[in-house]
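S.K.: Got entry31.csv for you, CSV, C-alpha atoms:
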chain,number,residue,atom,x,y,z
A,20,MET,CA,-1.9,-5.6,-59.8
A,21,ARG,CA,-2.6,-5.3,-56.1
A,22,ARG,CA,0.0,-6.9,-53.9
A,23,VAL,CA,-1.3,-8.9,-51.0
A,24,LEU,CA,0.8,-9.7,-47.9
A,25,SER,CA,1.4,-13.3,-47.1
A,26,PRO,CA,-0.3,-14.7,-43.9
A,27,VAL,CA,3.1,-15.1,-42.4
A,28,SER,CA,3.9,-11.5,-42.9
A,29,ILE,CA,0.5,-10.5,-41.5
A,30,ALA,CA,1.1,-12.8,-38.5
A,31,VAL,CA,4.5,-11.2,-37.8
A,32,ILE,CA,3.1,-7.7,-38.1
A,33,CYS,CA,0.3,-8.6,-35.7
A,34,ALA,CA,2.8,-10.1,-33.2
A,35,VAL,CA,5.0,-7.0,-33.4
A,36,VAL,CA,2.0,-4.6,-32.9
A,37,ALA,CA,0.8,-6.8,-30.0
A,38,VAL,CA,4.2,-6.6,-28.3
A,39,VAL,CA,4.5,-2.8,-28.8
A,40,ALA,CA,0.9,-2.4,-27.4
A,41,LEU,CA,1.7,-4.5,-24.4
A,42,LEU,CA,4.9,-2.5,-23.7
A,43,ALA,CA,2.9,0.8,-24.1
A,44,TYR,CA,0.2,-0.5,-21.7
A,45,GLY,CA,2.9,-1.5,-19.2
A,46,LEU,CA,4.5,1.9,-19.2
A,47,ALA,CA,1.1,3.7,-19.0
A,48,ALA,CA,-0.1,1.4,-16.2
A,49,ASN,CA,3.0,2.0,-14.1
A,50,GLU,CA,2.9,5.7,-14.5
A,51,PRO,CA,2.4,7.1,-10.9
A,52,ASP,CA,-0.6,9.2,-10.1
A,53,ARG,CA,0.4,12.9,-10.0
A,54,GLN,CA,-3.0,14.4,-10.0
A,55,ALA,CA,-2.4,16.1,-6.6
A,56,GLU,CA,0.6,17.9,-7.9
A,57,GLU,CA,-1.1,18.9,-11.2
A,58,SER,CA,-4.0,20.4,-9.2
A,59,LEU,CA,-1.6,22.2,-6.9
A,60,SER,CA,0.2,23.7,-9.9
A,61,ARG,CA,-3.1,25.1,-11.0
A,62,GLY,CA,-3.7,26.5,-7.5
A,63,ALA,CA,-6.4,23.9,-6.7
A,64,ARG,CA,-6.5,21.3,-4.0
A,65,GLU,CA,-7.6,17.7,-4.7
A,66,PRO,CA,-9.5,15.8,-2.0
A,67,ALA,CA,-7.2,13.3,-0.3
A,68,PRO,CA,-7.8,9.7,-1.3
A,69,ALA,CA,-9.7,7.7,1.3
A,70,LEU,CA,-7.5,5.8,3.7
A,71,GLU,CA,-8.4,3.4,6.5
A,72,LEU,CA,-5.7,1.3,8.1
A,73,PRO,CA,-5.0,-0.6,11.3
A,74,ARG,CA,-3.0,1.1,14.0
A,75,LEU,CA,0.6,-0.1,14.1
A,76,SER,CA,0.3,-0.6,17.8
A,77,GLY,CA,-2.6,-3.0,17.2
A,78,GLY,CA,-6.2,-2.6,18.3
A,79,GLY,CA,-8.5,-1.1,15.7
A,80,THR,CA,-8.3,1.0,12.6
A,81,GLU,CA,-8.1,4.7,11.9
A,82,SER,CA,-9.1,6.6,8.8
A,83,LEU,CA,-8.2,10.0,7.4
A,84,GLU,CA,-11.8,10.9,7.8
A,85,ASP,CA,-11.3,10.7,11.6
A,86,TYR,CA,-8.9,13.6,11.3
A,87,ARG,CA,-11.3,15.9,9.4
A,88,GLY,CA,-11.1,19.4,10.8
A,89,ARG,CA,-7.4,19.1,11.6
A,90,VAL,CA,-4.3,19.7,9.6
A,91,VAL,CA,-2.7,16.4,8.9
A,92,VAL,CA,0.9,15.8,7.9
A,93,LEU,CA,0.6,12.3,6.4
A,94,ASN,CA,4.0,10.7,6.2
A,95,PHE,CA,4.6,7.4,4.4
A,96,TRP,CA,7.7,5.7,5.7
A,97,ALA,CA,9.4,2.3,6.4
A,98,SER,CA,12.1,1.3,8.9
A,99,TRP,CA,14.4,0.2,6.1
A,100,CYS,CA,14.3,3.6,4.5
A,101,GLU,CA,17.4,5.6,5.3
A,102,PRO,CA,16.0,9.1,4.5
A,103,CYS,CA,13.1,8.3,6.9
A,104,ARG,CA,15.7,8.3,9.7
A,105,GLU,CA,16.7,11.8,8.9
A,106,GLU,CA,13.2,13.3,8.9
A,107,SER,CA,11.5,11.4,11.7
A,108,PRO,CA,12.9,13.6,14.6
A,109,LEU,CA,11.8,16.7,12.7
A,110,LEU,CA,8.3,15.3,12.2
A,111,ASP,CA,8.1,14.5,15.9
A,112,ARG,CA,9.1,18.0,16.9
A,113,TRP,CA,6.4,19.4,14.5
A,114,HIS,CA,3.8,17.0,15.8
A,115,GLU,CA,4.4,18.4,19.3
A,116,ARG,CA,4.2,21.9,17.8
A,117,MET,CA,1.0,21.2,15.9
A,118,LYS,CA,-0.9,19.3,18.6
A,119,GLY,CA,-2.2,22.4,20.4
A,120,ARG,CA,-3.1,24.1,17.1
A,121,GLY,CA,-5.4,21.6,15.5
A,122,GLY,CA,-2.9,19.6,13.7
A,123,THR,CA,-1.1,16.3,13.8
A,124,VAL,CA,1.5,14.2,12.1
A,125,VAL,CA,0.2,10.7,11.1
A,126,GLY,CA,2.7,8.1,10.1
A,127,VAL,CA,1.9,5.2,7.7
A,128,ASP,CA,4.4,2.4,8.0
A,129,SER,CA,4.4,0.6,4.6
A,130,LEU,CA,5.9,-2.7,3.3
A,131,ASP,CA,7.6,-3.2,6.6
A,132,ILE,CA,8.1,-5.8,9.3
A,133,VAL,CA,6.1,-4.8,12.4
A,134,SER,CA,8.8,-5.6,14.9
A,135,ASP,CA,11.3,-3.5,12.8
A,136,ALA,CA,8.9,-0.6,12.7
A,137,ARG,CA,8.3,-0.7,16.4
A,138,ASP,CA,12.0,-0.7,17.1
A,139,PHE,CA,12.3,2.3,14.8
A,140,ILE,CA,9.6,4.1,16.7
A,141,SER,CA,11.3,3.3,20.0
A,142,GLU,CA,14.7,4.3,18.8
A,143,TYR,CA,13.5,7.8,17.7
A,144,GLU,CA,10.9,8.1,20.5
A,145,LEU,CA,8.2,9.0,18.0
A,146,SER,CA,5.0,10.1,19.6
A,147,TYR,CA,2.6,10.7,16.7
A,148,PRO,CA,-0.1,8.2,15.6
A,149,MET,CA,1.1,5.4,13.4
A,150,LEU,CA,-0.9,3.3,11.0
A,151,ARG,CA,0.3,0.1,9.2
A,152,ASP,CA,0.0,-0.7,5.5
A,153,GLY,CA,2.0,-3.9,5.3
A,154,GLU,CA,0.9,-4.7,1.8
A,155,GLY,CA,1.5,-1.2,0.5
A,156,ASP,CA,-2.0,-0.8,-1.0
A,157,SER,CA,-2.1,2.9,-0.3
A,158,ARG,CA,0.9,3.5,-2.6
A,159,GLU,CA,-1.4,3.4,-5.7
A,160,SER,CA,-4.0,5.8,-4.5
A,161,PHE,CA,-1.4,8.3,-3.4
A,162,GLY,CA,0.9,7.7,-6.3
A,163,ILE,CA,3.8,6.8,-4.1
A,164,VAL,CA,6.9,5.5,-5.8
A,165,GLY,CA,9.4,5.7,-3.0
A,166,PHE,CA,9.9,6.4,0.7
A,167,PRO,CA,9.5,8.7,2.4
A,168,GLU,CA,6.7,10.7,0.9
A,169,THR,CA,4.6,13.3,2.7
A,170,PHE,CA,1.2,14.8,2.0
A,171,VAL,CA,-0.1,17.9,3.9
A,172,ILE,CA,-3.9,17.7,4.2
A,173,ASP,CA,-5.9,20.7,5.1
A,174,ARG,CA,-8.8,20.9,7.5
A,175,ARG,CA,-11.2,20.1,4.7
A,176,GLY,CA,-9.5,16.9,3.8
A,177,ARG,CA,-7.8,18.3,0.7
A,178,ILE,CA,-4.1,17.8,-0.3
A,179,ALA,CA,-2.4,21.2,0.3
A,180,ALA,CA,1.2,20.1,-0.4
A,181,VAL,CA,3.2,17.1,-1.4
A,182,ARG,CA,6.8,16.2,-0.8
A,183,ARG,CA,8.3,13.2,-2.7
A,184,GLY,CA,11.3,12.6,-0.5
A,185,PRO,CA,12.2,13.6,3.0
A,186,VAL,CA,10.7,16.8,4.5
A,187,ASP,CA,12.9,19.5,5.9
A,188,ALA,CA,12.3,22.4,8.2
A,189,ALA,CA,11.8,24.8,5.3
A,190,PHE,CA,9.0,22.6,3.8
A,191,MET,CA,7.3,22.4,7.2
A,192,ARG,CA,7.5,26.1,7.7
A,193,SER,CA,6.3,27.1,4.3
A,194,GLN,CA,3.6,24.4,3.7
A,195,VAL,CA,2.3,23.4,7.2
A,196,ALA,CA,2.6,26.4,9.4
A,197,PRO,CA,0.3,28.6,7.3
A,198,LEU,CA,-2.4,26.0,7.5
A,199,LEU,CA,-2.3,26.0,11.3
A,200,GLY,CA,-3.0,29.7,11.5
A,201,ARG,CA,-6.3,29.8,9.7
A,202,GLY,CA,-9.4,27.7,9.4
A,203,ALA,CA,-8.9,26.7,5.8
B,19,MET,CA,29.2,-40.2,43.6
B,20,LYS,CA,28.5,-36.5,43.8
B,21,ARG,CA,31.1,-35.8,41.0
B,22,ALA,CA,29.4,-38.3,38.8
B,23,ALA,CA,26.0,-36.6,39.3
B,24,VAL,CA,27.4,-33.2,38.4
B,25,LEU,CA,29.1,-34.7,35.3
B,26,ALA,CA,25.8,-36.3,34.2
B,27,THR,CA,23.9,-33.0,34.7
B,28,VAL,CA,26.5,-31.1,32.6
B,29,LEU,CA,26.4,-33.7,29.9
B,30,THR,CA,22.6,-33.5,29.8
B,31,LEU,CA,22.7,-29.7,29.5
B,32,LEU,CA,25.2,-29.9,26.7
B,33,ALA,CA,23.2,-32.5,24.8
B,34,ALA,CA,19.9,-30.6,25.1
B,35,PRO,CA,20.6,-27.9,22.4
B,36,ALA,CA,22.0,-30.5,20.1
B,37,THR,CA,18.8,-32.6,20.4
B,38,ALA,CA,16.7,-29.5,19.8
B,39,THR,CA,18.7,-28.6,16.7
B,40,ALA,CA,18.3,-32.1,15.3
B,41,GLN,CA,14.5,-31.9,15.8
B,42,CYS,CA,14.4,-28.4,14.2
B,43,PRO,CA,12.8,-28.5,10.7
B,44,ARG,CA,15.8,-26.7,9.1
B,45,THR,CA,15.3,-24.8,5.9
B,46,SER,CA,17.7,-22.3,4.3
B,47,LEU,CA,17.5,-18.7,3.2
B,48,GLY,CA,18.4,-19.8,-0.4
B,49,ASP,CA,15.5,-22.3,-0.4
B,50,ILE,CA,13.0,-19.6,0.6
B,51,GLU,CA,14.4,-16.7,-1.4
B,52,ASP,CA,13.2,-18.1,-4.7
B,53,GLU,CA,9.7,-18.6,-3.5
B,54,VAL,CA,8.9,-15.2,-2.1
B,55,MET,CA,8.9,-11.7,-3.5
B,56,CYS,CA,10.7,-8.5,-2.5
B,57,PRO,CA,7.4,-6.4,-2.4
B,58,VAL,CA,9.2,-3.1,-3.0
B,59,CYS,CA,11.3,-4.3,-5.9
B,60,GLY,CA,8.5,-6.4,-7.5
B,61,THR,CA,11.0,-9.3,-8.2
B,62,PRO,CA,11.7,-12.6,-6.4
B,63,LEU,CA,13.7,-11.9,-3.3
B,64,GLY,CA,16.7,-13.9,-4.7
B,65,LEU,CA,17.1,-11.4,-7.5
B,66,ALA,CA,16.8,-8.3,-5.2
B,67,THR,CA,20.4,-8.0,-4.3
B,68,ASP,CA,20.9,-4.5,-3.0
B,69,ALA,CA,17.4,-3.2,-2.0
B,70,PRO,CA,17.2,-2.2,1.6
B,71,GLN,CA,13.8,-3.7,2.0
B,72,ALA,CA,15.1,-7.0,0.6
B,73,GLU,CA,17.9,-7.0,3.1
B,74,ARG,CA,15.4,-6.6,6.0
B,75,GLU,CA,13.3,-9.3,4.6
B,76,ARG,CA,16.3,-11.6,4.4
B,77,ALA,CA,17.2,-10.8,8.0
B,78,TYR,CA,13.7,-11.5,9.1
B,79,ILE,CA,13.7,-14.9,7.3
B,80,GLU,CA,17.1,-15.7,9.0
B,81,ARG,CA,15.7,-14.8,12.4
B,82,LEU,CA,12.8,-17.2,11.8
B,83,ILE,CA,15.1,-20.0,10.6
B,84,ALA,CA,17.2,-19.5,13.7
B,85,ASP,CA,13.9,-19.7,15.6
B,86,CYS,CA,13.4,-23.2,14.2
B,87,ARG,CA,10.5,-22.3,11.9
B,88,SER,CA,9.7,-24.5,8.9
B,89,LYS,CA,9.6,-23.2,5.4
B,90,ASP,CA,5.8,-23.1,5.3
B,91,GLU,CA,5.7,-21.3,8.7
B,92,ILE,CA,8.1,-18.7,7.4
B,93,LYS,CA,6.1,-18.1,4.2
B,94,ALA,CA,3.0,-17.7,6.3
B,95,ALA,CA,4.8,-15.2,8.6
B,96,LEU,CA,5.9,-13.2,5.5
B,97,ALA,CA,2.3,-13.3,4.2
B,98,ALA,CA,1.1,-12.0,7.5
B,99,GLN,CA,3.6,-9.0,7.2
B,100,PHE,CA,3.3,-8.2,3.6
B,101,GLY,CA,0.1,-9.9,2.4
B,102,ASP,CA,-0.2,-12.8,-0.1
B,103,ALA,CA,1.5,-10.8,-2.8
B,104,VAL,CA,4.8,-11.7,-1.1
B,105,LEU,CA,4.3,-15.3,-2.2
B,106,ALA,CA,5.9,-15.8,-5.5
B,107,LEU,CA,4.6,-19.3,-6.5
B,108,PRO,CA,1.1,-19.7,-7.8
B,109,GLY,CA,-0.7,-22.0,-5.5
B,110,ASP,CA,0.8,-20.4,-2.4
B,111,ALA,CA,-2.0,-17.9,-2.0
B,112,GLU,CA,-4.8,-19.7,-0.2
B,113,ASP,CA,-7.8,-17.7,-1.3
B,114,ASP,CA,-7.4,-17.7,-5.1
B,115,ASP,CA,-7.7,-21.3,-6.5
B,116,LEU,CA,-9.0,-20.1,-9.9
B,117,GLY,CA,-6.2,-17.7,-10.3
B,118,ASP,CA,-3.6,-20.4,-9.4
B,119,VAL,CA,-5.0,-22.5,-12.2
B,120,LEU,CA,-5.3,-19.7,-14.7
B,121,VAL,CA,-1.8,-18.5,-14.2
B,122,TYR,CA,-0.6,-21.8,-15.8
B,123,LEU,CA,-3.5,-22.3,-18.1
B,124,VAL,CA,-3.6,-18.9,-19.9
B,125,PRO,CA,0.0,-18.8,-21.0
B,126,ALA,CA,-0.1,-22.5,-22.1
B,127,LEU,CA,-3.3,-21.7,-24.1
B,128,GLY,CA,-1.7,-18.6,-25.6
B,129,ILE,CA,1.4,-20.5,-26.7
B,130,ALA,CA,-0.7,-23.3,-28.1
B,131,LEU,CA,-2.9,-20.9,-30.0
B,132,ALA,CA,0.0,-18.9,-31.3
B,133,ALA,CA,1.8,-22.0,-32.5
B,134,ALA,CA,-1.4,-23.3,-34.2
B,135,GLY,CA,-1.9,-19.9,-35.9
B,136,ILE,CA,1.6,-19.8,-37.2
B,137,ALA,CA,1.5,-23.4,-38.4
B,138,PHE,CA,-1.8,-22.8,-40.1
B,139,ALA,CA,-0.5,-19.6,-41.8
B,140,VAL,CA,2.7,-21.3,-43.0
B,141,VAL,CA,0.8,-24.3,-44.4
B,142,ARG,CA,-1.7,-22.1,-46.2
B,143,TRP,CA,1.1,-19.9,-47.6
B,144,ARG,CA,3.1,-22.8,-48.8
B,145,VAL,CA,0.1,-24.5,-50.5
B,146,GLY,CA,-1.8,-21.6,-51.8
B,147,GLY,CA,0.6,-18.7,-51.9
B,148,PRO,CA,3.1,-19.6,-54.6
B,149,ARG,CA,0.4,-20.9,-56.9
B,150,GLU,CA,-1.6,-17.6,-56.6
B,151,ARG,CA,1.5,-15.6,-57.3
B,152,ARG,CA,2.5,-17.5,-60.4
B,153,PRO,CA,-0.7,-17.5,-62.5
B,154,GLY,CA,-0.8,-20.5,-64.8
B,155,GLY,CA,2.3,-21.9,-63.0
B,156,ALA,CA,1.4,-25.1,-61.1
B,157,GLY,CA,-2.2,-25.2,-62.6
B,158,GLU,CA,-0.8,-25.1,-66.1
B,159,ALA,CA,1.7,-27.8,-65.4
B,160,GLU,CA,-1.1,-30.0,-64.0
B,161,ARG,CA,-3.2,-29.5,-67.1
B,162,ARG,CA,-0.3,-30.3,-69.3
B,163,LEU,CA,0.5,-33.4,-67.4
B,164,GLU,CA,-3.1,-34.6,-67.6
B,165,ALA,CA,-3.1,-33.9,-71.4
B,166,ASP,CA,0.1,-35.8,-71.9
B,167,MET,CA,-1.2,-38.7,-69.9
B,168,GLU,CA,-4.3,-38.8,-72.0
B,169,ARG,CA,-2.3,-38.6,-75.2
B,170,TYR,CA,-0.1,-41.5,-74.3
B,171,GLU,CA,-3.1,-43.3,-72.8
B,172,LEU,CA,-1.4,-43.8,-69.5
Please rewrite the model in this file as structure tokens.
M.R.:
Amino acid sequence: MRRVLSPVSIAVICAVVAVVALLAYGLAANEPDRQAEESLSRGAREPAPALELPRLSGGGTESLEDYRGRVVVLNFWASWCEPCREESPLLDRWHERMKGRGGTVVGVDSLDIVSDARDFISEYELSYPMLRDGEGDSRESFGIVGFPETFVIDRRGRIAAVRRGPVDAAFMRSQVAPLLGRGA
Amino acid sequence: MKRAAVLATVLTLLAAPATATAQCPRTSLGDIEDEVMCPVCGTPLGLATDAPQAERERAYIERLIADCRSKDEIKAALAAQFGDAVLALPGDAEDDDLGDVLVYLVPALGIALAAAGIAFAVVRWRVGGPRERRPGGAGEAERRLEADMERYEL
């Protein structure tokens, strides 16, 4: 004789399946976007996600599109982020170096208090352009999970290198310098 | 006379900050912490104990408290910095009235539906389940009871 499960058993099984499905969805939804790295590992370059944000200094917005034709070192940072303190002077030196060669560093201050960010900029005398993403919306499109994170974008608006964590001189020399030398 | 005037001026100057403090709509960090989020941690600020961003946010709130801002003003200032997502309580965000209602309604409906489903399943199982599993059990007993009642003309 065929054995039929009681409605209570069926309800319990359905509840367990629903909870497991919810957990799986939660894990999958929080998985950061690593498409740029995957493409780079195949030797390809993904177009950088669109980004338009207000200037940290106030007065208008800027977008990545405005920098098309230049090499952009896009650095996501926050004033409360300790490793950001280490890399900021290096980024500023590289900005000075890149300026005359068709490149720039662009900082994106995320999830930060404006006055704290401005104090940070004054303290380190940073001269590169700064945008503000107070709500941290750009984290999703760039797959950012921590600060600092840096994306090197070539002259055609494609991601040429990614650093999840503070950049160092070796990274800048190996990933940024070659892009300044040619028109790619 | 001159000494009295100086004394009066000094007393007035000393009293001024006390009066200002009394008029200040005082709130506390603890009162606000539970109602705002630490945007980086994704938890209410009160639960984010060690995060550097949370520490900065607390310092900012304390500056605003010291600056005599009310609780609502501080929450508005935080929303200006971090967006409405920093507000932890439904109803705080001004532009999403439907969402504020749904955030209470959907879980309540879900709980009510689940409770009704479980109650329905339990009732059906208790009424129908055992009888189906014991063929001739309860049904047979009923028939025998009716036959006995007819036999004894009850």
S.K.: Nearest to chain B: which of A:Met149, A:Val181, A:Val164, A:Leu198 is it, counting all atoms listed in the file?
M.R.: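 Residue with the minimum atom-to-atom distance to chain B: A:Val164.
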S.K.: Between B:Cys56, B:Val119, B:Ala159, B:Ala126, which one has atoms that come closest to chain A, using all atoms listed in the file?
M.R.: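 Result for the nearest residue to chain A: B:Cys56.
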S.K.: How far is it from CA of Arg174 (chain A) to CA of Tyr143 (chain A), in Å with one decimal?
M.R.: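 Value for the CA of Arg174 (chain A)-CA of Tyr143 (chain A) distance: 27.8 Å.
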S.K.: Point out the residue among B:Ala132, B:Ala106, B:Cys42, B:Ala139 with the least atom-to-atom distance to chain A, counting all atoms listed in the file.
M.R.: B:Ala139
S.K.: Just how far from CA of Ile163 (chain A) is CA of Leu41 (chain A), in Å to one decimal?
M.R.: 23.3 Å
S.K.: Against chain B, which residues of chain A fall within 7 Å? For each one I want the closest pair of atoms and the distance in Å (one decimal), counting only C-alpha atoms, rows by chain and increasing residue number, as JSON lines.
M.R.:
{"residue": "A:Ser25", "atom": "CA", "partner": "B:Trp143", "partner_atom": "CA", "distance": 6.6}
{"residue": "A:Pro26", "atom": "CA", "partner": "B:Ala139", "partner_atom": "CA", "distance": 5.3}
{"residue": "A:Val27", "atom": "CA", "partner": "B:Ala139", "partner_atom": "CA", "distance": 5.8}
{"residue": "A:Trp99", "atom": "CA", "partner": "B:Gln71", "partner_atom": "CA", "distance": 5.7}
{"residue": "A:Leu130", "atom": "CA", "partner": "B:Phe100", "partner_atom": "CA", "distance": 6.1}
{"residue": "A:Ile132", "atom": "CA", "partner": "B:Gln99", "partner_atom": "CA", "distance": 5.9}
{"residue": "A:Gly153", "atom": "CA", "partner": "B:Phe100", "partner_atom": "CA", "distance": 4.8}
{"residue": "A:Glu154", "atom": "CA", "partner": "B:Phe100", "partner_atom": "CA", "distance": 4.6}
S.K.: Counting all atoms listed in the file, which residue out of A:Cys100, A:Ala188, A:Gly200, A:Gly165 sits closest to Gly119 (chain A)?
M.R.: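 Among A:Cys100, A:Ala188, A:Gly200, A:Gly165, it is A:Gly200 that comes nearest to Gly119 (chain A).
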S.K.: With distances taken over all atoms listed in the file, which residue among B:Val54, B:Tyr122, B:Thr45, B:Thr67 lies nearest Asp85 (chain B)?
M.R.: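 So, comparing all the options, the nearest one is B:Thr45.
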S.K.: Residues at most 10 Å from Met117 (chain A), counting all atoms listed in the file, excluding those fewer than 5 positions away in the same chain, as JSON, numbers by chain?
M.R.: {"A": [89, 90, 91, 92, 111, 112, 122, 123, 124, 195, 196, 199]}
S.K.: Considering only C-alpha atoms, can you say which of A:Leu83, A:Leu75, A:Val186, A:Leu145 comes closest to Asp131 (chain A)?
M.R.: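 For Asp131 (chain A), the nearest of the given residues is A:Leu75.
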